[in-house]
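S.K.: The structure under discussion is supplied below as structure tokens; questions concerning it will follow.
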Amino acid sequence: MRKNGSVRTSRGLWALSGLLAGLAGLAVSHVAAMWLTNREAPLYAVADGIIRLTPGPIVRFAIDQLGTRNKPLLLTGIVVVLMILFLVAGAQARRHWLRSVLVFSVLAAVAAAAVLAQPGGGPFDLVPVALALMTWLVGVAVLTGPLVDLPAPVEAVAPTEGDVGTGVVDGPRAGHARRAFLFRAGMVALVATSGTLLANVVSRGRRRVEEARRLLRLPLTQPVVDPRWRVEDPPEGATGWLTPNNDFYRIHTAVVAPTVDAAEWRLRIHGLVDQEVELSLNDLLALDVVEEWITLNCVSNPIGGPLIGNARWTGVRTADVLALAGVHPDADAVLQTSHEGWNCGTPLRVLTDERNSLLAFGMNGQPLPIDHGYPVRTITPGLYGYVSACKWVVDWEVTRFADFTAYWTHRGWAERGPVKMASRIDAPRDGQAVAAGRVRVGGMAWFQHTGLAAVEVQLDSGAWTRTELAEVPSADTWVQWATTLDLEPGDHLLRVRAIAESGEVQTSVAAEVAPDGATGHHVIQFSAREEV
Ligand SMILES: Nc1nc2c(c(=O)[nH]1)N[C@H]1C(S)=C(S)[C@@H](COP(=O)(O)O)O[C@H]1N2
Ligand SMILES: [Mo]
């Protein structure tokens, strides 16, 4: 039996490699889903998919029989099946590495289908799946590497009396291989456990705050987009004027979005003030609550890029809040700090002038989503986010620009960050093919808090022509534009530029995003095909 023991050990180690790599991949997908996307891990998407694919009567039967335990049981079931498949994948790697690649690829394909099938699922949700697949493949390769050096099962070595060894000749090479395997297995197990623990701890905190957020009663109303703010007959593929919360770009340096308890949230205002104040959410709600349409964009948005969104924010004016503390005349900045320590310096003037710079707690009629700064963030029309839009804001120091650097300014970005005039073509997309003839094209343009007078396009090297502009509620939002082109068959270039209310024309001079925002025209290349 000894010789079989050896065979089993070796086969067992291969299977164990598959299991460990598999669990590490699961953990990685959990952590990645938490950090990179707004969603639950792919595992939950698979569970949802199974529920959706299961005939209704069976689901109802399961709920009747199992009550609220049906979900945990389903998840446990999936994990058990996965563990078996991981063992199989490892064992198969012993015969040929491609076999384990195949098993893991099938699993990844199922997960990919499940995350894409989620409501609102998009290509970005595939990242955790891709990372899991990578972890699986690398994990198996790393773990089984030393196993190749283990002695092959020996046909017949009869155990001698009193022999407690394995029945195979354990050379120094085999000993080395075993130690290497154990070390690597330990490392992979460590990745799997710490990843799982981290994901659990964080997601538990997040679930708790998410629950409280759902129950929070705030004076919010549903935003209504006036039809005049949309162009008539928008081209196919046009960007919506309102950006839904789920589609709104997210930028923060925190690896995990802080989960702040709304009941415990406080904003401390200190520094060059008459009196320090500390405000709770209820204190804010006692002030005048206002609703403002404001377009927020990131200084890192390249020309034509997606890092911009337009929402209706609910909150109180930063001017009203600062008035409670009384600002000294020699101050010119507010150093805003968030719960997790990120900070930015905002000109005092824009926080106190006539513009409705807000401490916002509502976004598009919902309590601020956790990733967008729940429970309270700053939103300042006309400034890039990195100098103004502090999420999870907890501290305001009224101070002077001369006396500090903040997170991004310390890293070389400009101290003041007024937004630059910009415009973008959304339809057609770069590289798209359209039918020749009359074609609707369109996009967005913005110059927050300054306002636009016109948007013009240039087809190939023709003349600049005016486009149709939708109306806007104020100069603080982006503007939708569209126009009709008459296209000859063939390849075309389309350029766009905005013109400010002051008459200033958006520059064609290209500038990088650093240190204070990109400039230049958005140009797309597309082709018009003869209709068949
Ligand atoms: N706490 C915190 N707030 C922050 C940031 C950050 O990294 N941490 N990034 C800023 C930047 S660079 C931008 S563009 C906006 C993005 O806001 P959003 O994620 O709600 O779109 O948040 C700003 N507020
Ligand atoms: Mo940003």
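By order in the structure tokens, chains are A, B, ...; within a chain, residues start at 1; ligands start at 1, following the order shown.
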When the cut-off is 7 Å and you count only C-alpha atoms and all ligand atoms, which residues lie near ligand 1, shown as a list in words?
M.R.: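 The neighbouring residues of ligand 1 are, in order, Phe248, Tyr249, Arg250, Ile251, His252, Thr253, Ala254, Leu296, Asn297, Cys298, Val299, Ser338, His339, Glu340, Trp342, Asn343, Asp371, His372, Gly373, Tyr384, Gly385, Tyr386, Ser388, Ala389, Cys390, Lys391, Trp392 and Val393 of chain A.
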S.K.: When you look at A:Arg179 with a cut-off of 9 Å (counting only C-alpha atoms), what residues show up, excluding the ones that are within fewer than 5 positions of it in the same chain? I need them as a compact mmCIF listing (two decimals) with all heavy atoms, in the first residue's frame.
M.R.:
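Below is the file that was written, around-v8.txt:
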```
# COMPACT_ATOMS: atom_id res chain seq x y z
N PRO A 146 7.22 22.97 -8.39
CA PRO A 146 8.09 22.04 -7.66
C PRO A 146 7.62 20.60 -7.74
O PRO A 146 8.41 19.68 -7.57
CB PRO A 146 7.99 22.54 -6.20
CG PRO A 146 7.34 23.86 -6.24
CD PRO A 146 6.57 23.94 -7.52
N ALA A 174 13.98 15.75 -4.24
CA ALA A 174 12.59 15.63 -3.84
C ALA A 174 12.33 16.42 -2.56
O ALA A 174 11.32 17.10 -2.42
CB ALA A 174 12.23 14.17 -3.63
N ARG A 184 5.46 27.62 -1.19
CA ARG A 184 4.57 28.30 -2.14
C ARG A 184 3.11 28.11 -1.77
O ARG A 184 2.31 29.04 -1.86
CB ARG A 184 4.84 27.78 -3.56
CG ARG A 184 6.22 28.18 -4.03
CD ARG A 184 6.52 27.64 -5.40
NE ARG A 184 7.89 27.96 -5.78
CZ ARG A 184 8.35 27.84 -7.02
NH1 ARG A 184 7.56 27.41 -7.97
NH2 ARG A 184 9.59 28.15 -7.29
```
S.K.: Need the shell around A:Asp320: protein/DNA/RNA residues with any atom at most 10 Å away, counting only C-alpha atoms. Skip same-chain ones fewer than 4 positions apart. Format as a list in words?
M.R.: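 The residues that qualify are Leu284, Leu287, Asp288, Val316, Leu324, Ala325, Gly326, Leu351, Thr352, Ser357, Leu358 and Leu359 of chain A.
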S.K.: Can you tell me which residues surround stretch 460-476 of chain A at a distance of at most 6 Å, considering only C-alpha atoms, apart from same-chain residues fewer than 5 positions away, and format the answer as a JSON list (two decimals) with N, CA and C atoms, in the first residue's frame?
M.R.:
```json
[["chain", "number", "residue", "atom", "x", "y", "z"],
["A", 228, "ARG", "N", -36.26, 70.84, -22.61],
["A", 228, "ARG", "CA", -35.48, 71.85, -23.35],
["A", 228, "ARG", "C", -33.98, 71.69, -23.13],
["A", 229, "TRP", "N", -33.60, 70.92, -22.08],
["A", 229, "TRP", "CA", -32.17, 70.73, -21.81],
["A", 229, "TRP", "C", -31.59, 69.62, -22.68],
["A", 230, "ARG", "N", -32.46, 69.02, -23.50],
["A", 230, "ARG", "CA", -31.99, 68.00, -24.44],
["A", 230, "ARG", "C", -32.16, 68.55, -25.84],
["A", 231, "VAL", "N", -31.24, 68.20, -26.72],
["A", 231, "VAL", "CA", -31.43, 68.61, -28.12],
["A", 231, "VAL", "C", -32.59, 67.83, -28.70],
["A", 294, "ILE", "N", -25.26, 70.59, -11.24],
["A", 294, "ILE", "CA", -23.85, 70.96, -11.38],
["A", 294, "ILE", "C", -23.12, 69.84, -12.11],
["A", 381, "PRO", "N", -19.28, 74.55, -8.33],
["A", 381, "PRO", "CA", -19.36, 74.79, -9.77],
["A", 381, "PRO", "C", -18.13, 75.54, -10.27],
["A", 448, "GLN", "N", -18.10, 75.35, -17.05],
["A", 448, "GLN", "CA", -18.93, 75.57, -15.87],
["A", 448, "GLN", "C", -18.68, 76.93, -15.24],
["A", 449, "HIS", "N", -19.74, 77.54, -14.87],
["A", 449, "HIS", "CA", -19.81, 78.81, -14.18],
["A", 449, "HIS", "C", -19.38, 80.00, -15.06],
["A", 450, "THR", "N", -19.02, 79.70, -16.31],
["A", 450, "THR", "CA", -18.74, 80.79, -17.23],
["A", 450, "THR", "C", -19.83, 80.83, -18.29],
["A", 451, "GLY", "N", -20.14, 79.65, -18.83],
["A", 451, "GLY", "CA", -21.25, 79.57, -19.78],
["A", 451, "GLY", "C", -20.80, 79.60, -21.22],
["A", 455, "VAL", "N", -21.48, 76.12, -30.00],
["A", 455, "VAL", "CA", -20.60, 75.00, -30.28],
["A", 455, "VAL", "C", -20.53, 74.86, -31.79],
["A", 481, "TRP", "N", -25.19, 69.36, -27.54],
["A", 481, "TRP", "CA", -25.24, 69.93, -28.89],
["A", 481, "TRP", "C", -25.48, 68.83, -29.92],
["A", 482, "ALA", "N", -26.02, 69.21, -31.06],
["A", 482, "ALA", "CA", -26.21, 68.25, -32.16],
["A", 482, "ALA", "C", -26.31, 69.03, -33.46],
["A", 483, "THR", "N", -26.04, 68.35, -34.53],
["A", 483, "THR", "CA", -26.21, 68.96, -35.84],
["A", 483, "THR", "C", -26.34, 67.86, -36.88],
["A", 492, "HIS", "N", -13.87, 60.42, -42.99],
["A", 492, "HIS", "CA", -14.06, 61.81, -42.58],
["A", 492, "HIS", "C", -13.39, 62.10, -41.24],
["A", 493, "LEU", "N", -13.09, 63.39, -41.06],
["A", 493, "LEU", "CA", -12.61, 63.90, -39.78],
["A", 493, "LEU", "C", -13.64, 64.89, -39.28]]
```
S.K.: Once DSSP has gone over the backbone, tell me which residues of stretch 166-363 of chain A are in strand (DSSP E or B), as a ChimeraX atom specification.
M.R.: /A:266-271,273,277-280,290-297,308-317,327,333-338,343-347,358-363
S.K.: For A:Phe124, which residue out of A:Val496, A:Ile84, A:Ala24, A:Ala33 is the nearest one, using only C-alpha atoms?
M.R.: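 Smallest separation from A:Phe124 among the options: A:Ala33.
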S.K.: Calculated over only C-alpha atoms, which of the candidates A:Ala238, A:Ala319, A:Asp247, A:Thr507 has the smallest distance to A:Gly122?
M.R.: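 The shortest atom-to-atom distance to A:Gly122 comes from A:Asp247.
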S.K.: Would you list, as a ChimeraX atom specification, the residues of stretch 133-243 of chain A that end up in alpha helix (DSSP H) under DSSP run on this structure's backbone?
M.R.: /A:133-144,172-215
S.K.: Could you check which of A:Ala192, A:Leu272, A:Leu487, A:Ala331 is closest to A:Ala402, using only C-alpha atoms?
M.R.: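 So, comparing all the options, the nearest one is A:Ala331.
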S.K.: Hey, what's within 8 Å of stretch 93-98 of chain A if we count only C-alpha atoms and toss same-chain stuff fewer than 5 positions away? As a count of residues only, please?
M.R.: 3
S.K.: Using only C-alpha atoms and all ligand atoms, can you tell me which of A:Val327, A:Ala333, A:Ile308, A:Val101 comes closest to ligand 2?
M.R.: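 Checking each of A:Val327, A:Ala333, A:Ile308, A:Val101 against ligand 2, counting only C-alpha atoms and all ligand atoms, the winner is A:Ile308.
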S.K.: Can you pull out the residues contacting A:Asp330? Cut-off 10 Å, using only C-alpha atoms, and skip same-chain residues under 6 positions away; I want them as a list of chain:residue names.
M.R.: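 Final neighbour list, sorted by chain and number: A:Leu272, A:Val398, A:Thr399, A:Arg400.
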S.K.: How about saving the chosen residues, C-alpha atoms kept, as a PDB file, in the first residue's frame?
M.R.:
```pdb
ATOM      1  CA  LEU A 272      -9.011  81.605  10.732  1.00  0.00           C
ATOM      2  CA  VAL A 398      -9.943  78.191   7.013  1.00  0.00           C
ATOM      3  CA  THR A 399      -6.427  79.220   6.078  1.00  0.00           C
ATOM      4  CA  ARG A 400      -4.157  80.780   3.409  1.00  0.00           C
TER       5      ARG A 400
END
```
S.K.: Mind giving me the straight-line distance from atom CA of A:Leu335 to atom CA of A:Leu383 in Å, one decimal?
M.R.: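 Distance between the two atoms: 14.8 Å.
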S.K.: May I have the residues within 7 Å of stretch 413-418 of chain A as a ChimeraX atom specification, using only C-alpha atoms and disregarding those fewer than 5 positions away in the same chain?
M.R.: /A:382-384,387,408,514-516
S.K.: Using only C-alpha atoms and all ligand atoms for the distances, tell me which of A:Ser300, A:Ser502, A:Gln432, A:Gln65 is nearest to ligand 2.
M.R.: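 Closest to ligand 2, using only C-alpha atoms and all ligand atoms: A:Ser300.
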